[in-house]
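**Q** See input31.cif below, with mmCIF, C-alpha atoms and all ligand atoms.
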data_structure
loop_
_atom_site.group_PDB
_atom_site.id
_atom_site.type_symbol
_atom_site.label_atom_id
_atom_site.label_comp_id
_atom_site.auth_asym_id
_atom_site.auth_seq_id
_atom_site.Cartn_x
_atom_site.Cartn_y
_atom_site.Cartn_z
ATOM 1 C CA VAL K 1 -0.780 -13.015 -13.126
ATOM 2 C CA ALA K 2 0.133 -12.095 -16.684
ATOM 3 C CA VAL K 3 2.726 -9.645 -17.950
ATOM 4 C CA ALA K 4 1.885 -8.192 -21.353
ATOM 5 C CA GLN K 5 4.959 -7.094 -23.262
ATOM 6 C CA SER K 6 4.150 -4.618 -26.005
ATOM 7 C CA GLY K 7 5.751 -4.252 -29.399
ATOM 8 C CA PRO K 8 6.389 -0.765 -30.770
ATOM 9 C CA ILE K 9 3.461 1.662 -30.844
ATOM 10 C CA PRO K 10 3.602 3.975 -33.882
ATOM 11 C CA ASP K 11 3.294 7.624 -32.935
ATOM 12 C CA ALA K 12 0.545 8.027 -35.534
ATOM 13 C CA ALA K 13 -1.513 5.090 -34.269
ATOM 14 C CA PRO K 14 -4.959 6.166 -33.111
ATOM 15 C CA ARG K 15 -5.687 5.681 -29.423
ATOM 16 C CA ALA K 16 -8.511 3.273 -30.263
ATOM 17 C CA GLU K 17 -6.061 0.970 -32.047
ATOM 18 C CA ASN K 18 -3.680 0.998 -29.072
ATOM 19 C CA VAL K 19 -6.513 0.215 -26.675
ATOM 20 C CA ALA K 20 -7.670 -2.613 -28.951
ATOM 21 C CA ARG K 21 -4.195 -4.164 -28.684
ATOM 22 C CA LEU K 22 -4.437 -4.069 -24.906
ATOM 23 C CA VAL K 23 -7.901 -5.618 -25.013
ATOM 24 C CA ALA K 24 -6.545 -8.446 -27.196
ATOM 25 C CA MET K 25 -3.760 -9.132 -24.704
ATOM 26 C CA LEU K 26 -6.191 -8.984 -21.802
ATOM 27 C CA ARG K 27 -8.322 -11.640 -23.504
ATOM 28 C CA ARG K 28 -5.303 -13.803 -24.231
ATOM 29 C CA ALA K 29 -4.159 -13.568 -20.636
ATOM 30 C CA ALA K 30 -7.654 -14.367 -19.376
ATOM 31 C CA GLY K 31 -7.676 -17.416 -21.642
ATOM 32 C CA GLY K 32 -4.479 -18.544 -19.942
ATOM 33 C CA GLY K 33 -6.090 -18.275 -16.516
ATOM 34 C CA ALA K 34 -4.750 -14.900 -15.396
ATOM 35 C CA ASP K 35 -6.612 -12.839 -12.790
ATOM 36 C CA VAL K 36 -4.591 -9.690 -13.463
ATOM 37 C CA VAL K 37 -2.478 -8.370 -16.346
ATOM 38 C CA VAL K 38 0.434 -5.936 -16.070
ATOM 39 C CA PHE K 39 0.825 -3.568 -19.035
ATOM 40 C CA THR K 40 3.807 -1.348 -19.850
ATOM 41 C CA GLU K 41 4.683 2.208 -18.859
ATOM 42 C CA CYS K 42 2.673 4.738 -20.945
ATOM 43 C CA ALA K 43 0.854 1.855 -22.621
ATOM 44 C CA LEU K 44 -1.667 4.008 -24.470
ATOM 45 C CA SER K 45 0.767 5.750 -26.821
ATOM 46 C CA ALA K 46 4.271 5.727 -28.226
ATOM 47 C CA PHE K 47 6.810 6.725 -25.569
ATOM 48 C CA PHE K 48 7.008 10.418 -26.543
ATOM 49 C CA PRO K 49 9.741 11.452 -24.022
ATOM 50 C CA HIS K 50 12.175 9.862 -26.471
ATOM 51 C CA TRP K 51 11.782 12.780 -28.839
ATOM 52 C CA THR K 52 11.535 16.561 -28.788
ATOM 53 C CA LEU K 53 8.051 17.935 -29.200
ATOM 54 C CA ASP K 54 7.614 21.188 -31.093
ATOM 55 C CA HIS K 55 5.668 22.780 -28.314
ATOM 56 C CA PRO K 56 5.444 21.711 -24.658
ATOM 57 C CA ALA K 57 1.643 21.758 -24.868
ATOM 58 C CA SER K 58 1.875 18.983 -27.481
ATOM 59 C CA ILE K 59 2.255 16.478 -24.695
ATOM 60 C CA ASP K 60 -1.359 17.111 -23.733
ATOM 61 C CA GLU K 61 -2.353 15.054 -26.762
ATOM 62 C CA TYR K 62 -0.633 12.033 -25.231
ATOM 63 C CA CYS K 63 -2.262 12.479 -21.826
ATOM 64 C CA GLU K 64 -5.390 11.150 -20.183
ATOM 65 C CA ARG K 65 -7.452 13.722 -18.280
ATOM 66 C CA SER K 66 -9.343 11.079 -16.348
ATOM 67 C CA MET K 67 -9.153 7.347 -15.836
ATOM 68 C CA PRO K 68 -11.239 5.695 -17.080
ATOM 69 C CA ASN K 69 -12.350 7.830 -19.992
ATOM 70 C CA PRO K 70 -14.238 7.103 -23.225
ATOM 71 C CA ASP K 71 -11.036 6.134 -25.088
ATOM 72 C CA VAL K 72 -10.056 3.420 -22.605
ATOM 73 C CA GLU K 73 -13.584 2.330 -21.762
ATOM 74 C CA PRO K 74 -13.325 -0.784 -24.001
ATOM 75 C CA LEU K 75 -10.458 -2.042 -21.831
ATOM 76 C CA PHE K 76 -12.341 -1.418 -18.586
ATOM 77 C CA ALA K 77 -15.486 -3.012 -20.012
ATOM 78 C CA GLU K 78 -13.588 -6.094 -21.134
ATOM 79 C CA ALA K 79 -11.879 -6.382 -17.751
ATOM 80 C CA LYS K 80 -15.264 -6.332 -16.087
ATOM 81 C CA ARG K 81 -16.730 -8.835 -18.531
ATOM 82 C CA LEU K 82 -13.840 -11.250 -18.026
ATOM 83 C CA GLY K 83 -13.401 -10.552 -14.325
ATOM 84 C CA VAL K 84 -9.714 -9.831 -14.957
ATOM 85 C CA GLY K 85 -7.926 -6.800 -13.515
ATOM 86 C CA PHE K 86 -4.907 -4.915 -14.821
ATOM 87 C CA CYS K 87 -2.132 -2.477 -14.034
ATOM 88 C CA LEU K 88 -2.027 0.215 -16.732
ATOM 89 C CA GLY K 89 0.628 2.874 -17.291
ATOM 90 C CA TYR K 90 -0.340 6.129 -19.001
ATOM 91 C CA ALA K 91 0.566 9.806 -19.266
ATOM 92 C CA GLU K 92 -1.739 11.831 -17.036
ATOM 93 C CA LEU K 93 -2.860 15.440 -17.209
ATOM 94 C CA ALA K 94 -4.143 16.522 -13.813
ATOM 95 C CA GLU K 95 -5.596 19.740 -12.524
ATOM 96 C CA ASP K 96 -5.223 18.941 -8.830
ATOM 97 C CA GLU K 97 -5.633 22.612 -7.973
ATOM 98 C CA PRO K 98 -7.716 24.928 -10.150
ATOM 99 C CA GLY K 99 -5.529 26.545 -12.806
ATOM 100 C CA HIS K 100 -2.469 24.376 -12.048
ATOM 101 C CA ILE K 101 -2.014 21.804 -14.783
ATOM 102 C CA ARG K 102 0.340 18.976 -13.953
ATOM 103 C CA HIS K 103 1.606 16.099 -16.067
ATOM 104 C CA TYR K 104 2.495 12.789 -14.490
ATOM 105 C CA ASN K 105 3.795 9.436 -15.650
ATOM 106 C CA THR K 106 1.123 7.370 -13.936
ATOM 107 C CA CYS K 107 -0.247 3.871 -13.501
ATOM 108 C CA VAL K 108 -3.452 2.556 -12.016
ATOM 109 C CA LEU K 109 -4.428 -0.791 -10.563
ATOM 110 C CA VAL K 110 -7.866 -1.909 -11.703
ATOM 111 C CA ASP K 111 -9.724 -4.845 -10.162
ATOM 112 C CA GLY K 112 -11.799 -7.512 -11.883
ATOM 113 C CA HIS K 113 -14.912 -5.361 -11.551
ATOM 114 C CA GLY K 114 -13.296 -2.625 -13.635
ATOM 115 C CA SER K 115 -12.816 -0.341 -10.614
ATOM 116 C CA VAL K 116 -9.632 1.627 -9.946
ATOM 117 C CA VAL K 117 -8.239 0.439 -6.614
ATOM 118 C CA GLY K 118 -4.852 2.149 -6.642
ATOM 119 C CA LYS K 119 -2.830 4.818 -8.380
ATOM 120 C CA TYR K 120 0.870 5.674 -8.558
ATOM 121 C CA ARG K 121 2.767 8.590 -10.143
ATOM 122 C CA LYS K 122 6.387 8.004 -11.184
ATOM 123 C CA THR K 123 8.993 9.538 -8.902
ATOM 124 C CA HIS K 124 12.343 8.949 -10.639
ATOM 125 C CA LEU K 125 12.148 10.813 -13.941
ATOM 126 C CA PRO K 126 15.067 10.300 -16.335
ATOM 127 C CA GLY K 127 16.459 13.298 -18.165
ATOM 128 C CA TYR K 128 19.286 12.746 -20.638
ATOM 129 C CA TYR K 129 20.362 13.671 -24.132
ATOM 130 C CA VAL K 130 22.982 12.175 -26.437
ATOM 131 C CA PRO K 131 24.093 14.711 -29.074
ATOM 132 C CA ASP K 132 23.670 12.493 -32.083
ATOM 133 C CA HIS K 133 20.834 12.277 -34.573
ATOM 134 C CA ASP K 134 19.748 10.644 -37.781
ATOM 135 C CA PRO K 135 18.695 12.449 -40.986
ATOM 136 C CA ALA K 136 15.097 12.515 -39.784
ATOM 137 C CA GLY K 137 16.186 14.464 -36.739
ATOM 138 C CA HIS K 138 15.611 11.792 -34.140
ATOM 139 C CA VAL K 139 17.941 12.061 -31.171
ATOM 140 C CA TYR K 140 18.697 9.636 -28.407
ATOM 141 C CA GLN K 141 17.200 11.098 -25.293
ATOM 142 C CA ASN K 142 14.603 10.796 -22.598
ATOM 143 C CA LEU K 143 13.019 14.127 -21.663
ATOM 144 C CA GLU K 144 10.729 12.994 -18.842
ATOM 145 C CA LYS K 145 12.210 15.618 -16.548
ATOM 146 C CA ARG K 146 11.001 18.240 -19.025
ATOM 147 C CA TYR K 147 7.589 16.769 -19.715
ATOM 148 C CA PHE K 148 6.483 15.335 -16.366
ATOM 149 C CA ASP K 149 6.127 16.543 -12.806
ATOM 150 C CA VAL K 150 7.606 14.394 -10.051
ATOM 151 C CA GLY K 151 4.978 12.030 -8.658
ATOM 152 C CA ASP K 152 3.355 13.107 -5.428
ATOM 153 C CA LEU K 153 1.590 9.963 -4.241
ATOM 154 C CA GLY K 154 4.509 8.044 -2.752
ATOM 155 C CA TRP K 155 4.683 4.256 -2.854
ATOM 156 C CA GLN K 156 1.581 2.644 -1.426
ATOM 157 C CA CYS K 157 0.312 -0.921 -1.182
ATOM 158 C CA PHE K 158 -3.206 -1.857 -2.207
ATOM 159 C CA GLU K 159 -5.214 -4.950 -1.301
ATOM 160 C CA ALA K 160 -6.212 -6.624 -4.546
ATOM 161 C CA PHE K 161 -6.303 -10.070 -6.111
ATOM 162 C CA GLY K 162 -5.798 -11.656 -2.698
ATOM 163 C CA MET K 163 -2.443 -9.962 -2.122
ATOM 164 C CA ARG K 164 -0.799 -6.676 -1.170
ATOM 165 C CA VAL K 165 0.161 -5.000 -4.409
ATOM 166 C CA GLY K 166 2.673 -2.186 -4.854
ATOM 167 C CA MET K 167 3.448 -0.302 -8.044
ATOM 168 C CA MET K 168 6.446 1.529 -9.454
ATOM 169 C CA ILE K 169 7.311 2.722 -12.944
ATOM 170 C CA CYS K 170 10.404 2.006 -15.002
ATOM 171 C CA ASN K 171 13.380 3.988 -13.644
ATOM 172 C CA ASP K 172 12.029 3.664 -10.078
ATOM 173 C CA ARG K 173 13.168 0.023 -10.174
ATOM 174 C CA ARG K 174 16.833 1.050 -10.230
ATOM 175 C CA TRP K 175 16.696 2.739 -6.817
ATOM 176 C CA ALA K 176 16.516 1.147 -3.365
ATOM 177 C CA GLU K 177 13.851 3.391 -1.842
ATOM 178 C CA PRO K 178 10.718 2.292 -3.719
ATOM 179 C CA TRP K 179 11.469 -1.346 -2.999
ATOM 180 C CA ARG K 180 12.074 -0.741 0.688
ATOM 181 C CA VAL K 181 9.083 1.539 1.176
ATOM 182 C CA LEU K 182 6.830 -1.081 -0.406
ATOM 183 C CA GLY K 183 8.620 -3.913 1.399
ATOM 184 C CA LEU K 184 8.056 -2.283 4.783
ATOM 185 C CA GLN K 185 4.331 -2.191 3.977
ATOM 186 C CA GLY K 186 4.389 -5.936 3.382
ATOM 187 C CA ALA K 187 4.161 -5.867 -0.408
ATOM 188 C CA GLU K 188 3.606 -9.343 -1.834
ATOM 189 C CA CYS K 189 3.612 -8.376 -5.490
ATOM 190 C CA VAL K 190 5.192 -5.348 -7.180
ATOM 191 C CA MET K 191 3.880 -4.470 -10.632
ATOM 192 C CA LEU K 192 5.763 -2.203 -12.995
ATOM 193 C CA GLY K 193 6.048 -1.285 -16.638
ATOM 194 C CA TYR K 194 9.082 0.053 -18.477
ATOM 195 C CA ASN K 195 10.308 1.656 -21.710
ATOM 196 C CA THR K 196 14.051 1.077 -21.695
ATOM 197 C CA PRO K 197 16.109 1.762 -24.801
ATOM 198 C CA THR K 198 19.135 -0.284 -25.770
ATOM 199 C CA VAL K 199 20.580 1.421 -28.799
ATOM 200 C CA GLY K 200 19.871 4.907 -30.119
ATOM 201 C CA VAL K 201 18.631 5.704 -33.597
ATOM 202 C CA THR K 202 22.114 5.914 -35.117
ATOM 203 C CA GLY K 203 23.473 2.951 -33.219
ATOM 204 C CA VAL K 204 24.609 4.912 -30.199
ATOM 205 C CA VAL K 205 25.140 2.409 -27.428
ATOM 206 C CA THR K 206 24.104 3.886 -24.125
ATOM 207 C CA GLU K 207 26.264 1.578 -22.079
ATOM 208 C CA PRO K 208 28.232 -1.634 -22.608
ATOM 209 C CA THR K 209 25.707 -3.859 -24.370
ATOM 210 C CA HIS K 210 25.781 -6.703 -21.881
ATOM 211 C CA LEU K 211 24.980 -4.399 -18.961
ATOM 212 C CA GLY K 212 21.567 -3.235 -20.163
ATOM 213 C CA MET K 213 19.573 -6.400 -19.569
ATOM 214 C CA PHE K 214 21.777 -7.436 -16.661
ATOM 215 C CA GLN K 215 21.076 -4.231 -14.730
ATOM 216 C CA ASN K 216 17.417 -4.344 -15.696
ATOM 217 C CA HIS K 217 16.963 -7.757 -14.127
ATOM 218 C CA LEU K 218 19.514 -7.236 -11.346
ATOM 219 C CA SER K 219 17.580 -4.315 -9.865
ATOM 220 C CA MET K 220 14.287 -6.192 -9.923
ATOM 221 C CA GLN K 221 15.678 -9.518 -8.721
ATOM 222 C CA ALA K 222 17.416 -7.777 -5.820
ATOM 223 C CA GLY K 223 14.215 -5.886 -4.978
ATOM 224 C CA ALA K 224 12.237 -9.130 -5.001
ATOM 225 C CA TYR K 225 14.721 -11.043 -2.862
ATOM 226 C CA GLN K 226 15.465 -8.336 -0.305
ATOM 227 C CA ASN K 227 11.790 -7.578 0.236
ATOM 228 C CA SER K 228 10.393 -11.069 -0.207
ATOM 229 C CA THR K 229 7.986 -10.049 -2.928
ATOM 230 C CA TRP K 230 6.921 -11.188 -6.364
ATOM 231 C CA VAL K 231 7.741 -8.763 -9.182
ATOM 232 C CA CYS K 232 5.777 -8.575 -12.431
ATOM 233 C CA ALA K 233 7.455 -6.357 -15.016
ATOM 234 C CA ALA K 234 6.126 -5.510 -18.484
ATOM 235 C CA ALA K 235 8.403 -4.010 -21.145
ATOM 236 C CA LYS K 236 8.155 -2.337 -24.508
ATOM 237 C CA ALA K 237 10.128 -4.302 -27.124
ATOM 238 C CA GLY K 238 11.327 -3.629 -30.643
ATOM 239 C CA LYS K 239 12.103 -0.450 -32.587
ATOM 240 C CA GLU K 240 9.649 2.325 -31.781
ATOM 241 C CA GLU K 241 9.975 5.559 -33.758
ATOM 242 C CA GLY K 242 13.675 4.880 -34.241
ATOM 243 C CA VAL K 243 14.440 3.865 -30.674
ATOM 244 C CA TYR K 244 15.203 0.229 -29.837
ATOM 245 C CA GLN K 245 13.395 -0.949 -26.705
ATOM 246 C CA MET K 246 14.958 -3.593 -24.526
ATOM 247 C CA GLY K 247 12.079 -5.952 -23.762
ATOM 248 C CA GLY K 248 12.952 -8.615 -21.207
ATOM 249 C CA SER K 249 9.569 -8.666 -19.438
ATOM 250 C CA CYS K 250 9.582 -11.064 -16.550
ATOM 251 C CA ILE K 251 8.000 -12.447 -13.433
ATOM 252 C CA ILE K 252 10.355 -12.815 -10.479
ATOM 253 C CA ALA K 253 9.772 -14.910 -7.362
ATOM 254 C CA PRO K 254 10.559 -13.714 -3.813
ATOM 255 C CA THR K 255 13.665 -15.914 -4.027
ATOM 256 C CA GLY K 256 14.988 -13.504 -6.646
ATOM 257 C CA GLU K 257 14.655 -16.115 -9.375
ATOM 258 C CA ILE K 258 13.096 -15.227 -12.712
ATOM 259 C CA VAL K 259 10.289 -17.759 -13.178
ATOM 260 C CA ALA K 260 9.033 -16.503 -16.536
ATOM 261 C CA GLN K 261 10.720 -14.258 -19.078
ATOM 262 C CA ALA K 262 10.181 -12.922 -22.568
ATOM 263 C CA THR K 263 13.308 -13.758 -24.534
ATOM 264 C CA THR K 264 13.244 -10.811 -26.897
ATOM 265 C CA GLY K 265 16.460 -8.850 -27.387
ATOM 266 C CA GLU K 266 17.227 -5.691 -29.277
ATOM 267 C CA THR K 267 17.823 -7.523 -32.556
ATOM 268 C CA GLN K 268 14.696 -9.661 -32.352
ATOM 269 C CA THR K 269 11.416 -8.650 -33.857
ATOM 270 C CA LEU K 270 9.143 -10.183 -31.265
ATOM 271 C CA ARG K 271 6.153 -7.911 -31.322
ATOM 272 C CA ARG K 272 4.260 -8.819 -28.287
ATOM 273 C CA CYS K 273 4.131 -11.572 -25.778
ATOM 274 C CA ILE K 274 2.411 -12.552 -22.636
ATOM 275 C CA VAL K 275 4.271 -14.139 -19.788
ATOM 276 C CA LEU K 276 2.073 -16.097 -17.471
ATOM 277 C CA ALA K 277 2.950 -17.414 -14.081
ATOM 278 C CA ARG K 278 0.649 -19.004 -11.588
ATOM 279 C CA LEU K 279 2.282 -17.746 -8.452
ATOM 280 C CA TYR K 280 4.115 -20.439 -6.526
ATOM 281 C CA TYR K 281 3.163 -23.344 -8.756
ATOM 282 C CA TRP K 282 3.589 -23.102 -12.446
ATOM 283 C CA CYS K 283 4.871 -20.957 -15.221
ATOM 284 C CA THR K 284 5.011 -20.792 -18.979
ATOM 285 C CA VAL K 285 5.745 -18.287 -21.705
ATOM 286 C CA LEU K 286 3.476 -17.568 -24.660
ATOM 287 C CA THR K 287 4.496 -15.432 -27.582
ATOM 288 C CA THR K 288 2.572 -13.802 -30.397
HETATM 289 N N1 LIG J 1 11.424 5.189 -19.037
HETATM 290 C C1 LIG J 1 12.498 5.102 -18.238
HETATM 291 O O1 LIG J 1 12.433 5.433 -17.072
HETATM 292 N N2 LIG J 1 13.647 4.663 -18.812
HETATM 293 C C2 LIG J 1 14.893 4.569 -18.098
HETATM 294 C C3 LIG J 1 16.013 4.701 -19.064
HETATM 295 C C4 LIG J 1 17.335 4.677 -18.430
HETATM 296 S S1 LIG J 1 18.646 4.587 -19.609
HETATM 297 C C5 LIG J 1 19.186 2.980 -19.514
HETATM 298 C C6 LIG J 1 15.071 3.258 -17.350
HETATM 299 O O2 LIG J 1 15.457 3.284 -16.194
HETATM 300 O O3 LIG J 1 14.876 2.186 -17.919
#
Can I see the file as structure tokens?

**A**
Amino acid sequence: VAVAQSGPIPDAAPRAENVARLVAMLRRAAGGGADVVVFTECALSAFFPHWTLDHPASIDEYCERSMPNPDVEPLFAEAKRLGVGFCLGYAELAEDEPGHIRHYNTCVLVDGHGSVVGKYRKTHLPGYYVPDHDPAGHVYQNLEKRYFDVGDLGWQCFEAFGMRVGMMICNDRRWAEPWRVLGLQGAECVMLGYNTPTVGVTGVVTEPTHLGMFQNHLSMQAGAYQNSTWVCAAAKAGKEEGVYQMGGSCIIAPTGEIVAQATTGETQTLRRCIVLARLYYWCTVLTT
């Protein structure tokens, strides 16, 4: 399994460019022997909940109306060609009932044939605001509660890649319930992506500096150990549109031990890396 940590995605970057980055990481992971690659939360765009959009409808531009779709087709095609699956986070626009538009923070599990085998919609949506801003008007906040609906699919396990796979997204990892619900279904591998800030645009520290990475890994290591499952977690890293992202992508064994980890911190400029671990046997870390 490979975990693909992403560097910052510029807000202005065209979708095709973002998808091309994912394709490049998929290839790199395949070259390292991976059968499946875990990408970050909302991997197809910059993480827009970190800023205030002029009009609520603007978020539609960041959303996928179907999965796959023509924009992401190159990733699905490459997965099929290589026989490598992936877990992909994205913002979803859904019309589950006619006339009722919903927005979800979603991820899908795609097998090595390029077929979607599982889907999850984020349950724990952060909503916070720190009243501080830089001259460009950026503020330190996460407005997911404003932009997204609460996920309605629950936590399910899917049979894929020879194991029972569960998914969660970012803030879900900090709460006991997702872990236990997946654990009781016999999850053997939990895949998740995250966009976790460390320091705000004007240097606002959200919490004592040492706690950020500690709590990030603590929640996932505890979830792995208490539920006897592997955890594969892919982070955004670096400064994205003024917001520093924590990084710290990792693969955790059912013992609770981190067996592979990206070493990026908030002051490093590591753009992107792939963490590879052959479950049970072997691990290494590659950086780009
Ligand atoms: N994207 C997301 O869910 N982020 C939250 C930020 C919490 S503030 C430390 C997270 O749990 O990482």

**Q** Given all atoms listed in the file as the basis, pick out the residue of K:Tyr194, K:Phe76, K:Phe48, K:Phe214 nearest to ligand LIG 1 (chain J).

**A**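 Ranked by minimum distance to ligand LIG 1 (chain J), first place goes to K:Tyr194.
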
**Q** 7 Å from ligand LIG 1 (chain J) is the threshold here; counting all atoms listed in the file, which polymer residues fall inside it? Answer as number ranges by chain.

**A** K: 125-126, 170-171, 174, 194-197, 206, 212

**Q** Using only C-alpha atoms, which of the listed residues (K:Cys42, K:Leu82, K:Met163, K:Pro68) sits closest to K:Tyr104?

**A**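 Going through K:Cys42, K:Leu82, K:Met163, K:Pro68 one by one, the smallest distance to K:Tyr104 is for K:Cys42.
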
**Q** Any idea what's packed within 9 Å of K:Trp179, counting all atoms listed in the file, ignoring anything in its chain fewer than 2 positions away? Could you give it as a tab-separated table (two decimals) with C-alpha atoms, keeping the file's coordinate frame?

**A**
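Okay, selection23.tsv is ready:
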chain	number	residue	atom	x	y	z
K	155	TRP	CA	4.68	4.26	-2.85
K	168	MET	CA	6.45	1.53	-9.45
K	172	ASP	CA	12.03	3.66	-10.08
K	173	ARG	CA	13.17	0.02	-10.17
K	175	TRP	CA	16.70	2.74	-6.82
K	176	ALA	CA	16.52	1.15	-3.36
K	177	GLU	CA	13.85	3.39	-1.84
K	181	VAL	CA	9.08	1.54	1.18
K	182	LEU	CA	6.83	-1.08	-0.41
K	183	GLY	CA	8.62	-3.91	1.40
K	184	LEU	CA	8.06	-2.28	4.78
K	187	ALA	CA	4.16	-5.87	-0.41
K	190	VAL	CA	5.19	-5.35	-7.18
K	220	MET	CA	14.29	-6.19	-9.92
K	223	GLY	CA	14.22	-5.89	-4.98
K	224	ALA	CA	12.24	-9.13	-5.00
K	226	GLN	CA	15.46	-8.34	-0.30
K	227	ASN	CA	11.79	-7.58	0.24

**Q** Name every residue that the PyMOL selection byres (((chain K and resi 10) around 12) and not hetatm) selects in this structure, writing the answer as a list in words with chains first and numbers rising.

**A**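 This file gives the following for the PyMOL selection byres (((chain K and resi 10) around 12) and not hetatm): Ser6, Gly7, Pro8, Ile9, Asp11, Ala12, Ala13, Pro14, Arg15, Glu17, Asn18, Ala43, Leu44, Ser45, Ala46, Phe47, Phe48, Gly238, Lys239, Glu240, Glu241, Gly242 and Val243 of chain K.
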
**Q** Please provide the set of residues having any atom within 8 Å of stretch 87-103 of chain K, restricted to all atoms listed in the file, with same-chain residues fewer than 2 positions apart removed, written as JSON, numbers by chain.

**A** {"K": [36, 37, 38, 39, 40, 41, 42, 43, 44, 45, 60, 62, 63, 64, 65, 66, 85, 105, 106, 107, 108, 109, 110, 147, 148, 149, 169, 191, 192, 193]}

**Q** Go ahead and write the residues just picked, C-alpha atoms, as a PDB file, in the frame of the given file.

**A**
ATOM      1  CA  VAL K  36      -4.591  -9.690 -13.463  1.00  0.00           C
ATOM      2  CA  VAL K  37      -2.478  -8.370 -16.346  1.00  0.00           C
ATOM      3  CA  VAL K  38       0.434  -5.936 -16.070  1.00  0.00           C
ATOM      4  CA  PHE K  39       0.825  -3.568 -19.035  1.00  0.00           C
ATOM      5  CA  THR K  40       3.807  -1.348 -19.850  1.00  0.00           C
ATOM      6  CA  GLU K  41       4.683   2.208 -18.859  1.00  0.00           C
ATOM      7  CA  CYS K  42       2.673   4.738 -20.945  1.00  0.00           C
ATOM      8  CA  ALA K  43       0.854   1.855 -22.621  1.00  0.00           C
ATOM      9  CA  LEU K  44      -1.667   4.008 -24.470  1.00  0.00           C
ATOM     10  CA  SER K  45       0.767   5.750 -26.821  1.00  0.00           C
ATOM     11  CA  ASP K  60      -1.359  17.111 -23.733  1.00  0.00           C
ATOM     12  CA  TYR K  62      -0.633  12.033 -25.231  1.00  0.00           C
ATOM     13  CA  CYS K  63      -2.262  12.479 -21.826  1.00  0.00           C
ATOM     14  CA  GLU K  64      -5.390  11.150 -20.183  1.00  0.00           C
ATOM     15  CA  ARG K  65      -7.452  13.722 -18.280  1.00  0.00           C
ATOM     16  CA  SER K  66      -9.343  11.079 -16.348  1.00  0.00           C
ATOM     17  CA  GLY K  85      -7.926  -6.800 -13.515  1.00  0.00           C
ATOM     18  CA  ASN K 105       3.795   9.436 -15.650  1.00  0.00           C
ATOM     19  CA  THR K 106       1.123   7.370 -13.936  1.00  0.00           C
ATOM     20  CA  CYS K 107      -0.247   3.871 -13.501  1.00  0.00           C
ATOM     21  CA  VAL K 108      -3.452   2.556 -12.016  1.00  0.00           C
ATOM     22  CA  LEU K 109      -4.428  -0.791 -10.563  1.00  0.00           C
ATOM     23  CA  VAL K 110      -7.866  -1.909 -11.703  1.00  0.00           C
ATOM     24  CA  TYR K 147       7.589  16.769 -19.715  1.00  0.00           C
ATOM     25  CA  PHE K 148       6.483  15.335 -16.366  1.00  0.00           C
ATOM     26  CA  ASP K 149       6.127  16.543 -12.806  1.00  0.00           C
ATOM     27  CA  ILE K 169       7.311   2.722 -12.944  1.00  0.00           C
ATOM     28  CA  MET K 191       3.880  -4.470 -10.632  1.00  0.00           C
ATOM     29  CA  LEU K 192       5.763  -2.203 -12.995  1.00  0.00           C
ATOM     30  CA  GLY K 193       6.048  -1.285 -16.638  1.00  0.00           C
TER      31      GLY K 193
END
